[in-house]
Each structure stands twice: as structure tokens, then as C-alpha cells.
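Notes follow the structure.
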Amino acid sequence: MDLTPTAPADPRSRLGGAYRATAVTFFLNGLLLSTWLIRIPSIKEATGLGTGAFGTVLITPVIVSLLSMQFAGRLLARTSSRTFVRVSVVATAVALVATSLAHTGPQLALALALFGFFDGLLFVASNVQGVAVERLTGKPCLNSFHAAWSIGNLSGALIGSAFAWFGAGTTTQFVLVALLAMWASGGLLRPLLPPAEAPVSGPEPAPGAGGWRGGWNGRVLLLGLLGLCCLVAQGALEDWGAVYLREERGASTFLAMAGLVAFSVTLVAGRLIGDRLRERYDDGTLLRAFALLAAAGLGLSLVSSAYGVAIAGYALFGAGLSVLDPIVSSAAGHAAADDREKTIASAVAHVATLSHTGLLLGPPAIGWLAHGVGLTRALVLPALLVLVVAAAAPTVFRALRNSAPTEGHISAER
């Protein structure tokens with residue numbers, strides 16, 4: 001019998017497991033959300049709600065998600081992001097199935113409220129895990145994790161389209177996706193980092209610091225405003241890009257969709273290489289360069305009458321936006337007042353709330369502007385907002401570097 005003591009687990013293997021588990025978390029978040037979004041028309045038909053009533057119900061998960069993000073710090077203070085990731089994946093999957101079983105407006109609103117609540121917690125907890133992996137590896141990771149979210153989002157859309165093509169019901173699709181997510185939460189997410197793995201420094205936060213009122217500071221506010229500009233621009237093109245090509249440029253439906261496909265592909269591709277770029281270049285410099293690329297791409301689409309050039313402009317816009325939000329999300333975690341998980345969660349939650357408010361406000365803002373000045377002029381707004389990011393990012397990240405409160409803040413120290 002071999003009595004040789006068992007060697008301790010290789011830290012690199014442990015961190016590799018945490019990295020893969022965090023990527024799976026982001027993938028599942030994108031998959032679950034996209035699974036719901038792609039079948040919205042079927043859900044509307046099943047409930048029999050009119051357009052106005054259904055639109056009101058659709059606001060429910062957005063509002064609840066933003067609220068749950070704000071209270072994520074307080075909730076995480078009682079447990080850990082690892083626990084909340086695994087619980088939220090299961091709960092979001094159950095709520096997803098519940099939406100397909102709703103037959104009335106109130107039933108759907110309740111199911112969507114639960115869906116939005118746990119989706120918001122999952123988003124914050126996932127980003128806290130991502131920041132923890134960054135701290136321990138000493139390398140940027142958030143771009144790759146956000147790419148996993150985008151891949152999950154695309155996978156959900158493709159799966160939903162396939163089910164719709166073959167005439168399968170939403171309940172069947174939602175149950176299968178939910179079972180996949182639950183299976184993943186039981187095994188694939190086990191290597192997620194517990195809070196004890198993250199370095200701890202700084203004074204103990206005041207009671208309630210993890211709530212919606214705590215965690216605000218100048219760094220968090222500036223990052224939140226940068227994120228708001230980025231996601232207003234992203235939401236505007238995702239909702240109005242195809243409409244612009246179809247109605248303003250007279251493109252066919254196929255070409256209009258091709259523009260959005262080009263945007264989505266380069267968005268994912270940029271995120272896949274974003275972390276390698278962050279290892280070589282300063283975050284403020286990257287934000288400025290990619291924001292200028294995004295503005296140039298959208299400007300090219302707005303001034304060109306050639307369909308191919310307009311689609312190429314959309315591709316450049318997607319590439320330019322690709323690294324902006326992940327870098328801001330990463331910096332949010334590193335801008336926390338100390339290294340405790342609940343403080344990091346509070347900072348991530350505040351920045352995420354501001355950013356995602358932009359994602360919510362972008363499409364209607366473009367609609368209101370288009371009503372007054374036309375869609376072509378209205379789409380100048382996203383270009384202007386990314387130019388604001390280009391102008392402000394170097395100053396903001398210089399301030400972050402000069403005011404970094406602790407060691408291990410990747411974005412602030414490079």
C-alpha cells in the first residue's frame with residue numbers, strides 16, 4: 001500500500017477551475033435571458049394580452065432586476081457570491097419555466113418579477129466572481145467572461161429559433177434549457193471561489209454598507225456614467241440598427257439583419273481578444289481607442305448610401321463597443337473601498353445599475369429623438385456618447401490609478 005502523503009492541489013489548477021466555472025456562469029446568464037427574449041412573441045400570444053398591457057408587463061423584470069442589483073451587496077453580506085450564483089441559476093431557470101406556464105397578465109408579471117430578481121443577483125454575483133479571479137490570477141478576465149455571456153445569448157437565440165422552426169412549444173424549450181442550467185449549477189459551478197479566497201484589506205465597512213445607499217463614491221459614479229454611455233449606445237443600435245437600414249436606407253430585410261449579425265459577431269470577437277489587449281495596454285488608452293473606433297464605425301454607416309459600407313460600419317461599431325462595458329465592470333470591482341466581497345458587490349451593483357439604466361433608456365430615447373428629427377439624426381446620439389467615453393476615459397482611469405485604495409487593483413495599477 002502506498003502511504004505517500006497526497007500532494008496538495010495545484011493552485012494553478014484550482015484557479016483554472018474557478019476561471020472555467022465563472023465563464024460557465026456568464027454563459028448560463030446569457031443563455032437563460034436570451035431563451036426568454038427569443039420567445040416573447042409566443043408568450044404574448046399565449047397570454048392573449050394586448051400590445052399596451054403586454055408592454056407594461058415587460059417592464060416588470062427590468063425594474064425588479066435593477067432593484068435586486070442595488071440590494072445585492074446587503075444580500076451577499078449574509079452569504080457569498082458563489083452560493084448566490086448557484087442559487088440564482090436554479091431560481092432563474094425555475095422562473096423561466098413559470099413564464100411559459102402563465103395564462104394571465106398577473107401570472108406572467110409575477111413570474112417575470114422572480115426572473116428579473118434572480119437575473120439581477122446572478123449578474124452582480126457573476127461579476128464579483130470575475131473580479132475575484134482577476135485579483136488572484138493578476139490577469140484581466142472580464143472581457144472573456146462577457147464574451148461567454150454573449151455566446152450564451154447567441155446560443156439561446158439559436159436554440160429558440162430552432163424550436164420555433166419545428167413548431168415546438170415554449171414550455172418544452174424552457175424546461176430543457178432550465179434542466180441544462182440546473183445540471184450545470186450542480187457540478188460545473190462547484191469550483192467557483194468562496195469569499196475567503198479573495199484578499200481582504202481595509203477597515204470593516206459600516207453596517208448597511210452593502211445596501212443601496214452604501215458603496216457610492218466618486219470612482220463608482222464616474223464608472224457608472226461611462227457604463228451608461230456605453231450601454232445607451234449599444235441598446236440604441238440593437239433596437240434601431242435594423243430599422244435604420246430597412247426604412248432609412250431601403251435595404252432588404254436580409255441586409256438589415258446582416259448588419260445586426262455583423263455587429264454581434266464583432267462584439268463577441270472583440271471581447272475574446274480584449275483581455276490579451278488589456279495585458280499590453282492601459283485601460284484608459286484602450287477605452288479611448290475602441291470608443292473612437294465605435295464612433296467612426298457608426299458615423300460611416302450614417303453617411304454612406306452603400307449597403308456594404310453601412311454593414312461594415314456596424315461591424316466596426318460592434319468591435320469598438322466590445323471591450324468598453326467589460327473594462328468598466330472590471331474597474332468597478334477594483335474601485336471598491338476595500339477588498340471584501342460585499343463591498344466589491346456593492347460597487348459592482350451600483351455601476352451595473354447605472355449602466356443598465358442606459359441600456360433601458362437608449363432605445364426609447366432614440367425613438368423620441370427620431371420622432372422629432374428623424375432616425376438618421378437620432379442615431380448621431382450613440383456616436384456622441386462613445387466620443388464622450390473616448391474623451392473622459394483616460395482622465396477617469398488616471399484618477400482611479402491615483403486613488404486606488406488597496407493592492408491588487410489590476411485596472412488602477414497598470
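Chain labels follow the order of the C-alpha cells: the first chain is A, the next B, and so on; residue numbering restarts at 1 in every chain, and ligands are counted from 1 in their shown order.
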
### Query
Skipping near chain neighbours, those fewer than 2 positions away, what residues fall within 12 Å of Phe290 of chain A using only C-alpha atoms, listed as an MDAnalysis selection string?
chainID A and resid 230 267 270:271 274 277 283:288 292:297 316:325 327 386:387 389:391 393

### Query
Between A:Gly362, A:Pro61, A:Gly333, A:Gly259, which has the minimum distance to Ser126 of chain A (counting only C-alpha atoms)?
A:Gly333

### Message
Env of segment 231-236 of chain A: 8 Å cut, atoms = only C-alpha atoms, seq-sep filter 5 positions within chain, self excluded. Answer as a PyMOL selection string.
### Response
chain A and resi 241+321+325+355-356+358-363+366+379+381-383+385-386

Got time to write the residues from that selection, all heavy atoms, as a compact mmCIF listing (two decimals), in the first residue's frame?
```
# COMPACT_ATOMS: atom_id res chain seq x y z
N GLY A 241 -30.91 49.56 -35.17
CA GLY A 241 -29.98 49.39 -36.28
C GLY A 241 -30.62 48.79 -37.52
O GLY A 241 -30.46 49.30 -38.64
N LEU A 321 -17.35 48.78 -29.43
CA LEU A 321 -18.07 48.65 -28.15
C LEU A 321 -17.64 47.43 -27.35
O LEU A 321 -17.88 47.37 -26.14
CB LEU A 321 -19.58 48.57 -28.41
CG LEU A 321 -20.30 49.83 -28.87
CD1 LEU A 321 -21.79 49.54 -29.03
CD2 LEU A 321 -20.09 50.98 -27.91
N ASP A 325 -17.76 47.98 -22.02
CA ASP A 325 -18.51 47.61 -20.81
C ASP A 325 -17.74 46.61 -19.93
O ASP A 325 -17.74 46.76 -18.70
CB ASP A 325 -19.88 47.05 -21.19
CG ASP A 325 -20.75 46.77 -19.99
OD1 ASP A 325 -20.90 47.67 -19.13
OD2 ASP A 325 -21.29 45.65 -19.89
N SER A 355 -25.27 51.58 -15.52
CA SER A 355 -25.01 51.13 -16.89
C SER A 355 -26.28 50.56 -17.52
O SER A 355 -26.64 50.91 -18.65
CB SER A 355 -23.91 50.08 -16.91
OG SER A 355 -22.70 50.59 -16.39
N HIS A 356 -26.96 49.68 -16.80
CA HIS A 356 -28.12 49.02 -17.38
C HIS A 356 -29.34 49.92 -17.46
O HIS A 356 -30.24 49.66 -18.25
CB HIS A 356 -28.43 47.73 -16.59
CG HIS A 356 -27.49 46.62 -16.92
ND1 HIS A 356 -26.18 46.63 -16.51
CD2 HIS A 356 -27.66 45.49 -17.65
CE1 HIS A 356 -25.58 45.55 -16.96
NE2 HIS A 356 -26.44 44.85 -17.65
N GLY A 358 -28.90 52.79 -18.68
CA GLY A 358 -28.63 53.28 -20.03
C GLY A 358 -29.12 52.32 -21.09
O GLY A 358 -29.65 52.74 -22.12
N LEU A 359 -28.93 51.02 -20.84
CA LEU A 359 -29.41 50.02 -21.79
C LEU A 359 -30.93 50.08 -21.92
O LEU A 359 -31.50 49.86 -22.99
CB LEU A 359 -28.99 48.62 -21.34
CG LEU A 359 -29.14 47.47 -22.33
CD1 LEU A 359 -28.27 47.70 -23.55
CD2 LEU A 359 -28.79 46.16 -21.67
N LEU A 360 -31.60 50.42 -20.82
CA LEU A 360 -33.06 50.54 -20.82
C LEU A 360 -33.51 51.83 -21.49
O LEU A 360 -34.50 51.86 -22.23
CB LEU A 360 -33.57 50.49 -19.38
CG LEU A 360 -35.06 50.76 -19.14
CD1 LEU A 360 -35.90 49.67 -19.79
CD2 LEU A 360 -35.34 50.84 -17.65
N LEU A 361 -32.77 52.92 -21.25
CA LEU A 361 -33.19 54.24 -21.76
C LEU A 361 -32.80 54.47 -23.22
O LEU A 361 -33.44 55.28 -23.90
CB LEU A 361 -32.57 55.35 -20.91
CG LEU A 361 -33.07 55.46 -19.46
CD1 LEU A 361 -32.31 56.57 -18.74
CD2 LEU A 361 -34.56 55.74 -19.44
N GLY A 362 -31.77 53.77 -23.70
CA GLY A 362 -31.28 54.02 -25.05
C GLY A 362 -32.32 53.89 -26.14
O GLY A 362 -32.57 54.84 -26.90
N PRO A 363 -33.00 52.73 -26.24
CA PRO A 363 -33.98 52.56 -27.33
C PRO A 363 -35.12 53.58 -27.32
O PRO A 363 -35.40 54.19 -28.35
CB PRO A 363 -34.49 51.13 -27.09
CG PRO A 363 -33.35 50.44 -26.43
CD PRO A 363 -32.74 51.46 -25.53
N ILE A 366 -33.86 57.09 -28.46
CA ILE A 366 -33.71 57.18 -29.91
C ILE A 366 -35.07 57.34 -30.58
O ILE A 366 -35.24 58.12 -31.53
CB ILE A 366 -32.99 55.94 -30.47
CG1 ILE A 366 -31.56 55.87 -29.92
CG2 ILE A 366 -32.97 55.95 -32.00
CD1 ILE A 366 -30.70 57.05 -30.29
N LEU A 379 -29.62 58.77 -34.50
CA LEU A 379 -28.54 57.80 -34.28
C LEU A 379 -27.17 58.47 -34.16
O LEU A 379 -26.17 57.78 -33.93
CB LEU A 379 -28.53 56.76 -35.40
CG LEU A 379 -29.65 55.72 -35.32
CD1 LEU A 379 -29.64 54.81 -36.53
CD2 LEU A 379 -29.54 54.90 -34.03
N LEU A 381 -26.71 60.36 -31.69
CA LEU A 381 -26.55 60.34 -30.23
C LEU A 381 -25.62 59.23 -29.75
O LEU A 381 -24.71 59.51 -28.95
CB LEU A 381 -27.92 60.22 -29.56
CG LEU A 381 -27.89 60.10 -28.03
CD1 LEU A 381 -27.29 61.35 -27.40
CD2 LEU A 381 -29.29 59.84 -27.48
N PRO A 382 -25.80 57.96 -30.18
CA PRO A 382 -24.85 56.94 -29.73
C PRO A 382 -23.40 57.26 -30.10
O PRO A 382 -22.49 57.00 -29.31
CB PRO A 382 -25.33 55.68 -30.46
CG PRO A 382 -26.76 55.92 -30.73
CD PRO A 382 -26.88 57.39 -30.99
N ALA A 383 -23.19 57.84 -31.29
CA ALA A 383 -21.83 58.20 -31.69
C ALA A 383 -21.26 59.27 -30.75
O ALA A 383 -20.08 59.22 -30.36
CB ALA A 383 -21.82 58.70 -33.14
N LEU A 385 -22.12 59.79 -27.63
CA LEU A 385 -21.89 59.21 -26.31
C LEU A 385 -20.59 58.43 -26.25
O LEU A 385 -19.86 58.50 -25.24
CB LEU A 385 -23.07 58.33 -25.91
CG LEU A 385 -24.37 59.07 -25.58
CD1 LEU A 385 -25.49 58.09 -25.32
CD2 LEU A 385 -24.18 60.00 -24.39
N VAL A 386 -20.26 57.68 -27.30
CA VAL A 386 -18.99 56.95 -27.27
C VAL A 386 -17.81 57.92 -27.42
O VAL A 386 -16.72 57.65 -26.92
CB VAL A 386 -18.93 55.83 -28.33
CG1 VAL A 386 -19.89 54.72 -27.97
CG2 VAL A 386 -19.20 56.34 -29.72
```

### Nearby residues (only C-alpha atoms) at most 7 Å from segment 69-71 of chain A, same-chain spacing under 4 positions excluded, as a list in words
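What passes the distance filter is Ser65, Leu75, Gly120, Leu121, Val124, Gly211, Trp212, Ala349, His350 and Thr353 of chain A.
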
### Query
Which one of A:Val64, A:Val87, A:Ala306, A:Ala53 sits closest to Pro106 of chain A if you count only C-alpha atoms?
A:Ala53

Tell me, as a compact mmCIF listing (two decimals) with N, CA and C atoms, in the first residue's frame, which residues lie within 12 Å of Ala21 of chain A, counting only C-alpha atoms; anything in the same chain fewer than 4 positions away does not count.
```
# COMPACT_ATOMS: atom_id res chain seq x y z
N ARG A 14 -6.57 24.91 -9.45
CA ARG A 14 -7.73 25.42 -8.73
C ARG A 14 -8.23 26.72 -9.35
N LEU A 15 -7.30 27.61 -9.69
CA LEU A 15 -7.70 28.86 -10.31
C LEU A 15 -8.24 28.63 -11.72
N GLY A 16 -7.67 27.63 -12.42
CA GLY A 16 -8.21 27.29 -13.74
C GLY A 16 -9.64 26.81 -13.64
N GLY A 17 -9.93 26.00 -12.61
CA GLY A 17 -11.30 25.56 -12.40
C GLY A 17 -12.23 26.71 -12.09
N THR A 25 -20.79 30.45 -15.71
CA THR A 25 -21.80 31.29 -15.06
C THR A 25 -22.30 32.37 -16.01
N PHE A 26 -21.37 33.08 -16.64
CA PHE A 26 -21.75 34.13 -17.59
C PHE A 26 -22.50 33.53 -18.78
N PHE A 27 -22.05 32.38 -19.25
CA PHE A 27 -22.72 31.72 -20.37
C PHE A 27 -24.17 31.40 -20.01
N LEU A 28 -24.40 30.84 -18.83
CA LEU A 28 -25.75 30.48 -18.41
C LEU A 28 -26.62 31.71 -18.24
N ARG A 82 -20.53 32.87 -4.50
CA ARG A 82 -20.57 31.50 -5.02
C ARG A 82 -21.94 30.88 -4.75
N VAL A 85 -24.60 32.64 -6.91
CA VAL A 85 -24.56 32.23 -8.32
C VAL A 85 -25.33 30.93 -8.50
N ARG A 86 -25.03 29.95 -7.67
CA ARG A 86 -25.64 28.63 -7.85
C ARG A 86 -27.14 28.66 -7.55
N SER A 126 -21.95 37.13 -10.56
CA SER A 126 -21.03 36.66 -11.60
C SER A 126 -19.86 37.63 -11.76
N GLN A 129 -17.45 37.32 -8.89
CA GLN A 129 -16.58 36.18 -9.12
C GLN A 129 -15.49 36.51 -10.14
N GLY A 130 -15.88 37.22 -11.20
CA GLY A 130 -14.91 37.59 -12.22
C GLY A 130 -13.81 38.47 -11.66
N VAL A 133 -11.43 36.35 -9.56
CA VAL A 133 -10.49 35.62 -10.40
C VAL A 133 -9.39 36.55 -10.91
N PHE A 145 -15.09 36.74 -19.94
CA PHE A 145 -16.34 36.34 -19.29
C PHE A 145 -17.55 36.98 -19.98
N ALA A 148 -18.31 35.12 -22.99
CA ALA A 148 -19.08 33.91 -22.68
C ALA A 148 -20.56 34.24 -22.54
N ALA A 184 -25.81 22.20 -14.68
CA ALA A 184 -24.54 22.93 -14.63
C ALA A 184 -24.30 23.51 -13.24
N SER A 185 -25.34 23.99 -12.59
CA SER A 185 -25.17 24.59 -11.28
C SER A 185 -24.75 23.57 -10.23
N GLY A 186 -25.08 22.30 -10.47
CA GLY A 186 -24.73 21.27 -9.51
C GLY A 186 -23.29 20.83 -9.58
N GLY A 187 -22.67 20.86 -10.75
CA GLY A 187 -21.32 20.35 -10.88
C GLY A 187 -20.34 21.35 -11.48
N LEU A 188 -20.69 21.93 -12.61
CA LEU A 188 -19.75 22.80 -13.32
C LEU A 188 -19.42 24.07 -12.54
N LEU A 189 -20.34 24.51 -11.67
CA LEU A 189 -20.12 25.75 -10.93
C LEU A 189 -19.49 25.52 -9.56
N ARG A 190 -19.21 24.27 -9.21
CA ARG A 190 -18.66 23.97 -7.89
C ARG A 190 -17.30 24.63 -7.65
N PRO A 191 -16.42 24.76 -8.68
CA PRO A 191 -15.11 25.38 -8.42
C PRO A 191 -15.13 26.89 -8.22
N LEU A 192 -16.32 27.53 -8.24
CA LEU A 192 -16.37 28.97 -8.00
C LEU A 192 -15.70 29.32 -6.68
N LEU A 193 -15.11 30.51 -6.60
CA LEU A 193 -14.31 30.89 -5.44
C LEU A 193 -15.19 31.27 -4.25
```

### Query
If we count only C-alpha atoms, what is near Ser88 of chain A at a cut-off of 6 Å, once residues fewer than 3 positions away on the same chain are taken out, given as a ChimeraX atom specification?
/A:84-85,91-92,118,122

### Nearest-residue call for Ala392 of chain A, choices A:Ser330, A:His103, A:Ser42, A:Cys229, using only C-alpha atoms
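Between A:Ser330, A:His103, A:Ser42, A:Cys229, the residue approaching Ala392 of chain A most closely is A:Cys229.
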
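The coordinates place atom CA of Val265 of chain A at 15.2 Å from atom CA of Gly30 of chain A.
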
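With only C-alpha atoms as the atoms that count, the residue of A:Leu384, A:Leu33, A:Ala125, A:Ile63 with the shortest distance to Gly160 of chain A is A:Leu33.
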
#### Entry: Residue among A:Ala345, A:Leu180, A:Thr395, A:Gly374 lying closest to Ala72 of chain A, counting only C-alpha atoms
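So, comparing all the options, the nearest one is A:Ala345.
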